[in-house]
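Okay, structure first, notes after.
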Amino acid sequence: LAELLLGRPLLKGATEPEQIDLIFKMFGRPSDDRWPAWRQLPDAGLVRLEKYPPSSTFKEAFASKISPLGLQLVEQMLCLNPVDRCTAEEALNHPWFKTEPLPCNPSDLPRYESVHEFQVKQRKLESRQKPRPHYAEEDRGRDYRGPPGGPRRESDRGRRDHHHGRHYDNRRGDYYNNYR
């Protein structure tokens, strides 16, 4: 929710220690008052608590970007002590969801074509598999043997396209199959 409201990642840590560092810098260091069971966590003794603020700095950092009720909801959702965090039902019943601007009716929202990565790949694959006409219909297939009457000059015979097993006809400016 905070990331949607801010339009950017809130705590962008690359490793677990870095993530813990970012959490404690923003929401304050754990204490026995705020989170009685935190010392039982693995590696809790490795954390140097003195480098973190004693309480949350979240409200001060984002007060200009999120409404007071929004700040309250996000803080309840991201509380250090998991026992004190609000449930999904409590979050949905929070007054923030009932304040202006109210959500619009879903039928009023614009509809966009799906851009899921898998569907985009499927569309590209399908467009590659569709045959693209690049020469006349009668020139296609195994039976095409070149221009009527055969090549007129040596230069009309064209070059061999070794990669595709076809000949290039200089007069037509196109390929034909080499099945003679």
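Lettering and numbering for the structure tokens are positional, with chains as A, B, ... in the shown order, residues counted from 1 in each chain, and ligands counted from 1 in the shown order.
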Could you give me, as CSV, a per-residue list for range 66-108 of chain A showing, wherever an atom lies at most 10 Å from an atom of range 6-24 of chain A, the closest pair of atoms and their distance in Å to one decimal, using only C-alpha atoms and sorting by chain then residue number from low to high?
residue,atom,partner,partner_atom,distance
A:Ile66,CA,A:Leu6,CA,7.6
A:Leu78,CA,A:Ile23,CA,9.3
A:Leu80,CA,A:Ile23,CA,8.5
Cut-off 9 Å: closest range 81-100 of chain A/range 34-50 of chain A atom pairs per residue, using only C-alpha atoms, as a tab-separated table:
residue	atom	partner	partner_atom	distance
A:Asn81	CA	A:Trp35	CA	5.0
A:Pro82	CA	A:Trp35	CA	8.4
A:Val83	CA	A:Trp35	CA	8.6
A:Asp84	CA	A:Trp35	CA	8.8
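Within range 65-139 of chain A, residues classed as alpha helix (DSSP H) by DSSP on backbone coordinates are Pro68, Leu69, Gly70, Leu71, Gln72, Leu73, Val74, Glu75, Gln76, Met77, Ala88, Glu89, Glu90, Ala91, Leu92, Glu117, Phe118, Gln119, Val120, Lys121, Gln122, Arg123, Lys124, Leu125, Glu126, Ser127, Arg128 and Gln129 of chain A.
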Create the file for the chosen residues now, containing C-alpha atoms and written as a compact mmCIF listing (two decimals), in the first residue's frame.
# COMPACT_ATOMS: atom_id res chain seq x y z
CA PRO A 68 -2.62 11.25 8.14
CA LEU A 69 -5.11 8.36 7.98
CA GLY A 70 -3.03 6.70 5.25
CA LEU A 71 0.10 7.04 7.40
CA GLN A 72 -1.73 5.50 10.33
CA LEU A 73 -2.90 2.53 8.23
CA VAL A 74 0.53 1.90 6.70
CA GLU A 75 2.17 2.10 10.12
CA GLN A 76 -0.33 -0.44 11.51
CA MET A 77 0.39 -2.75 8.57
CA ALA A 88 -6.36 -7.83 6.43
CA GLU A 89 -9.93 -7.47 7.66
CA GLU A 90 -8.94 -4.70 10.09
CA ALA A 91 -7.06 -2.93 7.30
CA LEU A 92 -10.07 -3.09 4.95
CA GLU A 117 4.71 -11.06 -20.29
CA PHE A 118 3.50 -14.55 -21.29
CA GLN A 119 0.70 -13.13 -23.47
CA VAL A 120 3.07 -10.68 -25.18
CA LYS A 121 5.43 -13.56 -26.03
CA GLN A 122 2.50 -15.61 -27.37
CA ARG A 123 1.37 -12.76 -29.64
CA LYS A 124 4.90 -12.33 -31.02
CA LEU A 125 5.20 -16.06 -31.65
CA GLU A 126 1.82 -16.18 -33.42
CA SER A 127 2.73 -13.22 -35.63
CA ARG A 128 5.99 -14.94 -36.64
CA GLN A 129 4.16 -18.16 -37.53
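Reported to one decimal place, the separation of CA of Asp32 in chain A from CA of Glu3 in chain A is 28.9 Å.
We find CA of Lys65 in chain A and CA of Leu102 in chain A to be spaced 17.8 Å apart.
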Quiz item: Please, what distance in Å, to one decimal, runs between CA of Leu4 in chain A and CA of Phe62 in chain A?
Solution: 13.0 Å
